[in-house]
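Visitor: Take this structure, written in C-alpha cells, and hold onto it; I'll ask about it next.
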Amino acid sequence: MRVLVTGGAGYIGSLVVEELLSRGHRPVVFDLFNWGREAIVPFEADVDLFEGDCRNSRDIIYALEGVDGIIHLAGIVGEFACQSNHKAHFSINVESTRTLINCCTDPELELVRDFVYASSCSVYGNVKGLYEEVTEQTPTAPLSDYAHAKLRSEQIILDKGRELAHFHPTILRLTTVFGWSHRPRLDLVTNLFAYHAWKKGVMTIFGDGSQYRSLIHVRDVARALVQTLEAPRFMRDGQIFHLGEETSNLTVRQIAEIVHKRIPSARIQLNDTTPSDRRDYRINCQKIRNTIGWQAGHTVEDGINELVDKFETMDLDWESWKYRNNNFKYV
C-alpha cells in the first residue's frame, strides 16, 4: 500500500514509517518538520516527502495523490503544549481532522477508503472510584483541552464513516507512550523519570504517586497502527480499540521504582504541594488482541533500559527544546 502518514517525522510517526517499510509498503511522509528531518534521514530514499500543513486543504490534496490508506498522527500533543496557543491547538487538533477527512472522501478527488486515527485514553479523565478498569464502552469524561479535542476528532471521523459506506475508519485510543524513537521525547512520564534519574539523580513525583498510568512502548504503537491498517475491513470498520498492555497498568510511583532499579543511585522525592495530573485509569486492552491479533512486545523495563543506554552512548544535547513538545511556539 501507499500510505500517507501525517506527522510522519515525529515521535510515533518516524517509527510508523520504519514499520511500513519493513512490511513492504510505500510511506508518504506529511509533516511541517517542526522538529527537523533527522528522524526520517535513515529512510529518506525510500519514502515520499511532503512538507505541508494538515490544516491546508491544498497541501493535503496533493499529498493524497495515489494514496491507499492514511495513518493520522499530526497534532499538538500534550496539555501544556495545547495551552500555549489555543487557536493553534483547535485548528490543528480538531479542524485539520475535518479537512483531511473531507479531502480524502470528496467525490471530486481520489477516494481513500482506509483511515486509522491515533486518539488517546485521556478521553476517560479520572475514573477512580467509578470503574475498576476502562473498556471501550466506558463513558468518556475528558479533563483537558487536549483530550476534548481527541474526542471531537473521533466524532468527526466516525460520523463520516456512518455517512459513507465506502469509508472505513478505525480509532486507536493510545495509553501513555514511552520508549526510544528516532525523534526522542523526554516530556513523557516514563522517559522523563529515566532522564532525570540519569541526569540529576532524582525523580520528582507530583502528588502521592498513587495515580495509575497505563503504558505502551512507542514501537508497539507503530506496529499496532500498521497492523490495524492491514487488517480486513470487517474487523476494524468504525471500531474503537484501546492500545496498551494490562501488565503495564502502573502507578506513577511504580514507574519511578522501575527506573530506580536501573539507576539505584537515583532518589525518588514526593512533591505534595504541586497539583498532579488528575488522570487516573487502568485500561482493558482485550479487544484489539482478540480482534486484530496484536499484542505488546516491550515491557516498561525494556524501554527504560534502552533509554538509559541511549543517554549514556549518544552525544546529543538532551536539554534541547527539540526533545520536548511543551516549549515549542505553535502558530
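Chain identifiers are assigned as A, B, and so on, following the order in which chains appear in the C-alpha cells; residues are numbered from 1 within each chain, and ligands are numbered from 1 in order of appearance.
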For Val17 (chain A), work out the shell of residues within 12 Å, counting only C-alpha atoms and skipping chain neighbours fewer than 2 positions away, then give it as a PyMOL selection string.
Guide: chain A and resi 2-15+19-30+39-44+46-49+70-71+73+181-182+219+221-223+225-226
Visitor: Skip Val218 (chain A) itself and residues of its chain fewer than 6 positions away, then list as a CSV table (one decimal) with N, CA and C atoms, in the first residue's frame all residues within 6 Å of it, counting only C-alpha atoms.
Guide:
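And here is the file that came out, out_24.csv:
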chain,number,residue,atom,x,y,z
A,177,VAL,N,2.5,6.7,26.2
A,177,VAL,CA,3.5,6.1,25.4
A,177,VAL,C,4.9,6.4,26.1
A,178,PHE,N,5.8,5.4,25.9
A,178,PHE,CA,7.2,5.6,26.4
A,178,PHE,C,8.1,4.9,25.5
A,179,GLY,N,9.4,5.1,25.7
A,179,GLY,CA,10.4,4.5,24.9
A,179,GLY,C,11.2,5.4,23.9
Visitor: Could you give me the residues within region 2-32 of chain A that DSSP places in helix (DSSP H, G or I), as a list in words?
Guide: Gly13, Ser14, Leu15, Val16, Val17, Glu18, Glu19, Leu20, Leu21 and Ser22 of chain A
Visitor: Pick out the residues sitting within 8 Å of Cys285 (chain A), and hand them over as a VMD selection string; count only C-alpha atoms, and ignore anything fewer than 3 positions along from it in its own chain.
Guide: chain A and resid 135 241 to 246 288 to 289
Visitor: Would you mind listing what lies within 9 Å of Asn326 (chain A) as a list in words, with only C-alpha atoms counted and same-chain residues fewer than 3 positions away left out?
Guide: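 Neighbouring residues, sequence-local ones excluded: Val77, Gly78, Glu79, Phe80, Ala81, Cys82, Ser84, Asp187, Trp321 and Lys329 of chain A.
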Visitor: Calculated over only C-alpha atoms, which of the candidates A:Arg267, A:Tyr212, A:Arg236, A:Ala224 has the smallest distance to Lys128 (chain A)?
Guide: A:Tyr212
